[in-house]
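Colleague: So I've got this file, start21.pdb, and it contains PDB, C-alpha atoms:
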```pdb
ATOM      1  CA  ALA A   1      15.177   8.660  40.725  1.00  0.00           C
ATOM      2  CA  ARG A   2      12.771  11.526  40.042  1.00  0.00           C
ATOM      3  CA  LEU A   3      11.602  11.919  43.666  1.00  0.00           C
ATOM      4  CA  VAL A   4      13.324  10.966  46.932  1.00  0.00           C
ATOM      5  CA  SER A   5      12.504  11.214  50.637  1.00  0.00           C
ATOM      6  CA  ILE A   6      14.770  10.175  53.531  1.00  0.00           C
ATOM      7  CA  ASP A   7      13.348   9.463  56.967  1.00  0.00           C
ATOM      8  CA  GLU A   8      14.335  11.535  59.992  1.00  0.00           C
ATOM      9  CA  SER A   9      16.885   8.927  61.218  1.00  0.00           C
ATOM     10  CA  GLY A  10      18.697   8.942  57.862  1.00  0.00           C
ATOM     11  CA  SER A  11      18.573   5.149  57.624  1.00  0.00           C
ATOM     12  CA  GLN A  12      15.670   4.664  55.207  1.00  0.00           C
ATOM     13  CA  LEU A  13      15.005   6.188  51.796  1.00  0.00           C
ATOM     14  CA  ILE A  14      12.015   6.005  49.450  1.00  0.00           C
ATOM     15  CA  ALA A  15      12.518   6.733  45.750  1.00  0.00           C
ATOM     16  CA  VAL A  16      10.117   7.167  42.854  1.00  0.00           C
ATOM     17  CA  HIS A  17      12.023   6.130  39.744  1.00  0.00           C
ATOM     18  CA  GLU A  18      11.506   7.334  36.158  1.00  0.00           C
ATOM     19  CA  ASP A  19       9.248   4.327  35.466  1.00  0.00           C
ATOM     20  CA  ASN A  20       7.078   5.386  38.492  1.00  0.00           C
ATOM     21  CA  ARG A  21       8.186   2.390  40.595  1.00  0.00           C
ATOM     22  CA  LEU A  22       8.221   3.118  44.329  1.00  0.00           C
ATOM     23  CA  ILE A  23      11.297   1.493  45.925  1.00  0.00           C
ATOM     24  CA  SER A  24      12.344   1.376  49.588  1.00  0.00           C
ATOM     25  CA  TYR A  25      16.079   1.496  50.414  1.00  0.00           C
ATOM     26  CA  ARG A  26      18.068   1.022  53.643  1.00  0.00           C
ATOM     27  CA  ARG A  27      21.513   2.359  54.382  1.00  0.00           C
ATOM     28  CA  SER A  28      24.045  -0.489  54.427  1.00  0.00           C
ATOM     29  CA  THR A  29      25.543  -1.204  57.857  1.00  0.00           C
ATOM     30  CA  ASP A  30      29.029  -1.845  56.451  1.00  0.00           C
ATOM     31  CA  SER A  31      29.137   1.038  53.948  1.00  0.00           C
ATOM     32  CA  MET A  32      27.461   4.312  53.193  1.00  0.00           C
ATOM     33  CA  ALA A  33      25.614   2.856  50.180  1.00  0.00           C
ATOM     34  CA  TRP A  34      21.834   2.595  49.845  1.00  0.00           C
ATOM     35  CA  GLU A  35      20.581  -0.966  49.274  1.00  0.00           C
ATOM     36  CA  PRO A  36      17.140  -1.692  47.778  1.00  0.00           C
ATOM     37  CA  GLN A  37      14.819  -3.436  50.234  1.00  0.00           C
ATOM     38  CA  TRP A  38      11.290  -3.537  48.815  1.00  0.00           C
ATOM     39  CA  ASP A  39       9.438  -2.745  45.631  1.00  0.00           C
ATOM     40  CA  LEU A  40       6.316  -1.015  46.949  1.00  0.00           C
ATOM     41  CA  GLY A  41       4.564  -0.971  43.576  1.00  0.00           C
ATOM     42  CA  SER A  42       3.837   1.772  41.078  1.00  0.00           C
ATOM     43  CA  VAL A  43       2.570   5.281  41.617  1.00  0.00           C
ATOM     44  CA  ASP A  44       0.674   7.456  39.180  1.00  0.00           C
ATOM     45  CA  ARG A  45       2.653   9.786  36.909  1.00  0.00           C
ATOM     46  CA  ARG A  46       0.819  12.713  38.607  1.00  0.00           C
ATOM     47  CA  VAL A  47       2.891  12.166  41.787  1.00  0.00           C
ATOM     48  CA  ILE A  48       4.862  15.364  42.432  1.00  0.00           C
ATOM     49  CA  ALA A  49       6.226  14.737  45.957  1.00  0.00           C
ATOM     50  CA  VAL A  50       6.732  12.032  48.577  1.00  0.00           C
ATOM     51  CA  HIS A  51       7.444  12.424  52.294  1.00  0.00           C
ATOM     52  CA  LEU A  52       8.660   9.551  54.498  1.00  0.00           C
ATOM     53  CA  SER A  53       8.011   9.680  58.234  1.00  0.00           C
ATOM     54  CA  GLY A  54       8.591   6.460  60.169  1.00  0.00           C
ATOM     55  CA  ASP A  55       6.473   3.731  58.570  1.00  0.00           C
ATOM     56  CA  HIS A  56       4.209   6.221  56.801  1.00  0.00           C
ATOM     57  CA  LEU A  57       4.724   7.631  53.329  1.00  0.00           C
ATOM     58  CA  ALA A  58       2.769  10.688  52.172  1.00  0.00           C
ATOM     59  CA  ILE A  59       2.225  10.641  48.400  1.00  0.00           C
ATOM     60  CA  PHE A  60       1.153  13.917  46.752  1.00  0.00           C
ATOM     61  CA  GLU A  61      -0.524  14.012  43.327  1.00  0.00           C
ATOM     62  CA  SER A  62      -1.339  17.039  41.172  1.00  0.00           C
ATOM     63  CA  TYR A  63      -4.750  17.032  39.473  1.00  0.00           C
ATOM     64  CA  PRO A  64      -6.290  19.240  36.781  1.00  0.00           C
ATOM     65  CA  ARG A  65      -8.581  21.864  38.249  1.00  0.00           C
ATOM     66  CA  ARG A  66     -11.832  20.125  37.362  1.00  0.00           C
ATOM     67  CA  SER A  67     -11.027  16.688  38.773  1.00  0.00           C
ATOM     68  CA  LEU A  68     -13.808  15.195  40.820  1.00  0.00           C
ATOM     69  CA  PHE A  69     -12.864  13.073  43.800  1.00  0.00           C
ATOM     70  CA  ASN A  70      -9.143  13.800  43.551  1.00  0.00           C
ATOM     71  CA  LYS A  71      -7.012  12.077  46.154  1.00  0.00           C
ATOM     72  CA  ALA A  72      -4.245  14.648  46.148  1.00  0.00           C
ATOM     73  CA  LEU A  73      -2.673  13.220  49.313  1.00  0.00           C
ATOM     74  CA  GLN A  74      -2.567   9.554  50.216  1.00  0.00           C
ATOM     75  CA  VAL A  75      -0.749   8.113  53.215  1.00  0.00           C
ATOM     76  CA  MET A  76       0.677   4.611  52.809  1.00  0.00           C
ATOM     77  CA  ASP A  77       1.845   2.203  55.496  1.00  0.00           C
ATOM     78  CA  ILE A  78       5.124   1.067  53.926  1.00  0.00           C
ATOM     79  CA  GLY A  79       5.110  -2.159  55.945  1.00  0.00           C
ATOM     80  CA  THR A  80       1.890  -3.351  54.293  1.00  0.00           C
ATOM     81  CA  SER A  81       1.722  -1.087  51.184  1.00  0.00           C
ATOM     82  CA  GLU A  82      -1.846  -0.219  52.211  1.00  0.00           C
ATOM     83  CA  ILE A  83      -3.300   3.264  51.861  1.00  0.00           C
ATOM     84  CA  ILE A  84      -4.353   4.228  55.392  1.00  0.00           C
ATOM     85  CA  SER A  85      -5.586   7.750  54.683  1.00  0.00           C
ATOM     86  CA  ALA A  86      -6.577   9.827  51.649  1.00  0.00           C
ATOM     87  CA  TRP A  87      -7.293  13.541  51.499  1.00  0.00           C
ATOM     88  CA  THR A  88      -9.209  15.376  48.813  1.00  0.00           C
ATOM     89  CA  LEU A  89      -8.141  18.956  48.180  1.00  0.00           C
ATOM     90  CA  PRO A  90     -10.493  21.667  46.915  1.00  0.00           C
ATOM     91  CA  ASN A  91     -10.474  21.933  43.113  1.00  0.00           C
ATOM     92  CA  SER A  92      -9.053  25.465  43.385  1.00  0.00           C
ATOM     93  CA  VAL A  93      -5.778  24.062  44.769  1.00  0.00           C
ATOM     94  CA  ALA A  94      -5.725  20.534  43.307  1.00  0.00           C
ATOM     95  CA  GLN A  95      -3.080  21.369  40.684  1.00  0.00           C
ATOM     96  CA  LEU A  96       0.145  21.476  42.719  1.00  0.00           C
ATOM     97  CA  ASP A  97       3.728  22.536  42.074  1.00  0.00           C
ATOM     98  CA  ALA A  98       5.142  21.359  45.426  1.00  0.00           C
ATOM     99  CA  ALA A  99       4.047  19.713  48.666  1.00  0.00           C
ATOM    100  CA  CYS A 100       5.346  18.216  51.893  1.00  0.00           C
ATOM    101  CA  ALA A 101       3.963  16.624  55.044  1.00  0.00           C
ATOM    102  CA  SER A 102       4.767  17.324  58.666  1.00  0.00           C
ATOM    103  CA  ASP A 103       6.537  14.803  60.881  1.00  0.00           C
ATOM    104  CA  TYR A 104       4.934  16.339  63.969  1.00  0.00           C
ATOM    105  CA  ASP A 105       1.226  16.574  63.265  1.00  0.00           C
ATOM    106  CA  ASP A 106      -1.329  15.408  60.731  1.00  0.00           C
ATOM    107  CA  SER A 107      -0.842  18.314  58.366  1.00  0.00           C
ATOM    108  CA  ALA A 108       0.519  19.034  54.902  1.00  0.00           C
ATOM    109  CA  LEU A 109       1.806  22.112  53.110  1.00  0.00           C
ATOM    110  CA  VAL A 110       0.964  22.557  49.429  1.00  0.00           C
ATOM    111  CA  LEU A 111       1.967  25.126  46.802  1.00  0.00           C
ATOM    112  CA  PRO A 112      -0.747  25.419  44.130  1.00  0.00           C
ATOM    113  CA  SER A 113       0.287  26.010  40.517  1.00  0.00           C
ATOM    114  CA  VAL A 114       0.624  29.570  39.255  1.00  0.00           C
ATOM    115  CA  GLN A 115      -2.067  28.992  36.618  1.00  0.00           C
ATOM    116  CA  GLU A 116      -4.558  28.205  39.360  1.00  0.00           C
ATOM    117  CA  HIS A 117      -4.084  31.491  41.189  1.00  0.00           C
ATOM    118  CA  SER A 118      -3.049  33.987  38.485  1.00  0.00           C
ATOM    119  CA  GLY A 119       0.299  34.764  40.082  1.00  0.00           C
ATOM    120  CA  ASN A 120      -1.013  35.102  43.660  1.00  0.00           C
ATOM    121  CA  ARG A 121       0.780  32.090  45.110  1.00  0.00           C
ATOM    122  CA  GLN A 122       0.518  31.101  48.736  1.00  0.00           C
ATOM    123  CA  ILE A 123       1.647  28.040  50.617  1.00  0.00           C
ATOM    124  CA  LEU A 124      -1.451  26.469  52.125  1.00  0.00           C
ATOM    125  CA  LYS A 125      -1.630  24.243  55.203  1.00  0.00           C
ATOM    126  CA  PHE A 126      -4.165  21.420  55.427  1.00  0.00           C
ATOM    127  CA  LYS A 127      -4.940  19.309  58.482  1.00  0.00           C
ATOM    128  CA  GLU A 128      -6.677  15.966  58.566  1.00  0.00           C
TER     129      GLU A 128
END
```
Just give me the structure of the file as structure tokens.
Modeller:
Amino acid sequence: ARLVSIDESGSQLIAVHEDNRLISYRRSTDSMAWEPQWDLGSVDRRVIAVHLSGDHLAIFESYPRRSLFNKALQVMDIGTSEIISAWTLPNSVAQLDAACASDYDDSALVLPSVQEHSGNRQILKFKE
């Protein structure tokens, strides 16, 4: 897998595989192995991070600077595979190197690419 996120309980895992398939796994009750549960579909190759929190999955995409209407953060209900929220980031920070969501509030931390900020990198916090 190229990206992985494990929920807070340690019993559920979401993986983005090399072919961009989004797969849900559960920890086996009789062993420590992860067993595939659901194929949640495909994600775009621009996905750079995922964050699982309960039944919600935050999916972060990196966009070129001049992308109109980027949806850099989408939140999916993994029970229905529906997008329940989408955030657009300012073009100045739309090209991301790293990102994560918070389990405790409706916020996200993003690290814009170096090229976007000429070496002056800062972690930025966004709230819904």
Colleague: Quick check on the file I pasted: which residues fall under the PyMOL selection byres ((chain A and resi 24) around 6)? Write them as number ranges by chain.
Modeller: A: 13-14, 23, 25, 36-38
Colleague: To box segment 75-78 of chain A, take all atoms listed in the file, fit an axis-aligned box, add 3 Å on each side, and give centre and edge lengths in Å to one decimal, as JSON.
Modeller:
```
{"center_x": 2.2, "center_y": 4.6, "center_z": 54.2, "size_x": 11.9, "size_y": 13.0, "size_z": 8.7}
```
Colleague: Rounded to one decimal, what separation in Å do you get between atom CA of Ser81 of chain A and atom CA of Pro112 of chain A?
Modeller: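 These atoms are spaced 27.5 Å apart.
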Colleague: May I ask for the distance between atom CA of Gly79 of chain A and atom CA of Leu109 of chain A, given in Å to one decimal place?
Modeller: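 Distance reported for this atom pair: 24.7 Å.
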Colleague: Find the residues near segment 83-92 of chain A: any atom within 6 Å, counting only C-alpha atoms, skip ones fewer than 6 places away on the same chain, and give them as a list of chain:residue names.
Modeller: A:Arg65, A:Asn70, A:Lys71, A:Ala72, A:Leu73, A:Gln74, A:Val75, A:Met76
Colleague: Under the rule that only C-alpha atoms are counted, which of A:Ser53, A:Gln95, A:Ser102, A:Thr80 is the nearest residue to Ile6 of chain A?
Modeller: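 Distance minimum relative to Ile6 of chain A lands on A:Ser53.
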Colleague: Mind pulling up the distance from atom CA of Gly41 of chain A to atom CA of Asp77 of chain A?
Modeller: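 Computing the Euclidean distance for atom CA of Asp77 of chain A and atom CA of Gly41 of chain A yields 12.6 Å.
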Colleague: With only C-alpha atoms as the atoms that count, which of A:Val43, A:Val50, A:Leu124, A:Val4 lies nearest to Asp19 of chain A?
Modeller: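 For Asp19 of chain A, the nearest of the candidates is A:Val43.
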Colleague: Pick out the closest residue to Glu35 of chain A from this set: A:His51, A:Gln12, A:Ser5, A:His17. Count all atoms listed in the file.
Modeller: A:Gln12
Colleague: Would you list the residues near (3.5, 2.9, 40.5) (no more than 7 Å away, in the coordinates of the file, using all atoms listed in the file) as a ChimeraX atom specification?
Modeller: /A:20-22,41-44
Colleague: For the PyMOL selection byres ((chain A and resi 46) around 6), applied here, can you spell out every residue it catches as a ChimeraX atom specification?
Modeller: /A:44-45,47,61-62
Colleague: Mind dumping the selected residues with C-alpha atoms as a short mmCIF file (atom, residue, chain, number, x, y, z; two decimals), keeping the file's coordinate frame?
Modeller:
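Result saved to out09.cif:
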```cif
data_model
loop_
_atom_site.label_atom_id
_atom_site.label_comp_id
_atom_site.auth_asym_id
_atom_site.auth_seq_id
_atom_site.Cartn_x
_atom_site.Cartn_y
_atom_site.Cartn_z
CA ASP A 44 0.67 7.46 39.18
CA ARG A 45 2.65 9.79 36.91
CA VAL A 47 2.89 12.17 41.79
CA GLU A 61 -0.52 14.01 43.33
CA SER A 62 -1.34 17.04 41.17
#
```
Colleague: Give me the residues within 6 Å of Arg27 of chain A as a list in words, counting only C-alpha atoms and dropping any in the same chain fewer than 2 places off.
Modeller: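 The contact residues come out as Ser11, Ala33 and Trp34 of chain A.
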Colleague: Mind checking which residues fall within 7 Å of Ala49 of chain A, counting all atoms listed in the file, ignoring those fewer than 2 positions away in the same chain, and posting them as a ChimeraX atom specification?
Modeller: /A:3,47,51,59-60,98-100
Colleague: Could you tell me which residues the PyMOL selection byres ((chain A and resi 55) around 6) returns for this structure, as a list in words?
Modeller: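 Checking the PyMOL selection byres ((chain A and resi 55) around 6) against this file, the residues are Gly54, His56, Asp77 and Ile78 of chain A.
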Colleague: Just checking: using all atoms listed in the file, which residue out of A:Glu18, A:Ser113, A:Gln122, A:Ser9 ends up closest to Ala94 of chain A?
Modeller: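 Looking only at the distances to Ala94 of chain A, the closest residue turns out to be A:Ser113.
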Colleague: Can you work out which one of A:Ala1, A:Ala58, A:Met32, A:Leu52 has the shortest atom-to-atom distance to Ser107 of chain A, counting only C-alpha atoms?
Modeller: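 Closest candidate: A:Ala58.
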Colleague: The residues within 7 Å of (-0.1, 25.0, 55.6), using only C-alpha atoms and the coordinates of the file, should be reported as a list of chain:residue names; which are they?
Modeller: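 So the residues meeting the distance criterion are A:Ala108, A:Leu109, A:Val110, A:Ile123, A:Leu124, A:Lys125, A:Phe126.
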Colleague: May I have the residues from that selection written out with C-alpha atoms, as a PDB file, in the coordinates of the input?
Modeller:
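This is the output file out.pdb:
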```
ATOM      1  CA  ALA A 108       0.519  19.034  54.902  1.00  0.00           C
ATOM      2  CA  LEU A 109       1.806  22.112  53.110  1.00  0.00           C
ATOM      3  CA  VAL A 110       0.964  22.557  49.429  1.00  0.00           C
ATOM      4  CA  ILE A 123       1.647  28.040  50.617  1.00  0.00           C
ATOM      5  CA  LEU A 124      -1.451  26.469  52.125  1.00  0.00           C
ATOM      6  CA  LYS A 125      -1.630  24.243  55.203  1.00  0.00           C
ATOM      7  CA  PHE A 126      -4.165  21.420  55.427  1.00  0.00           C
TER       8      PHE A 126
END
```
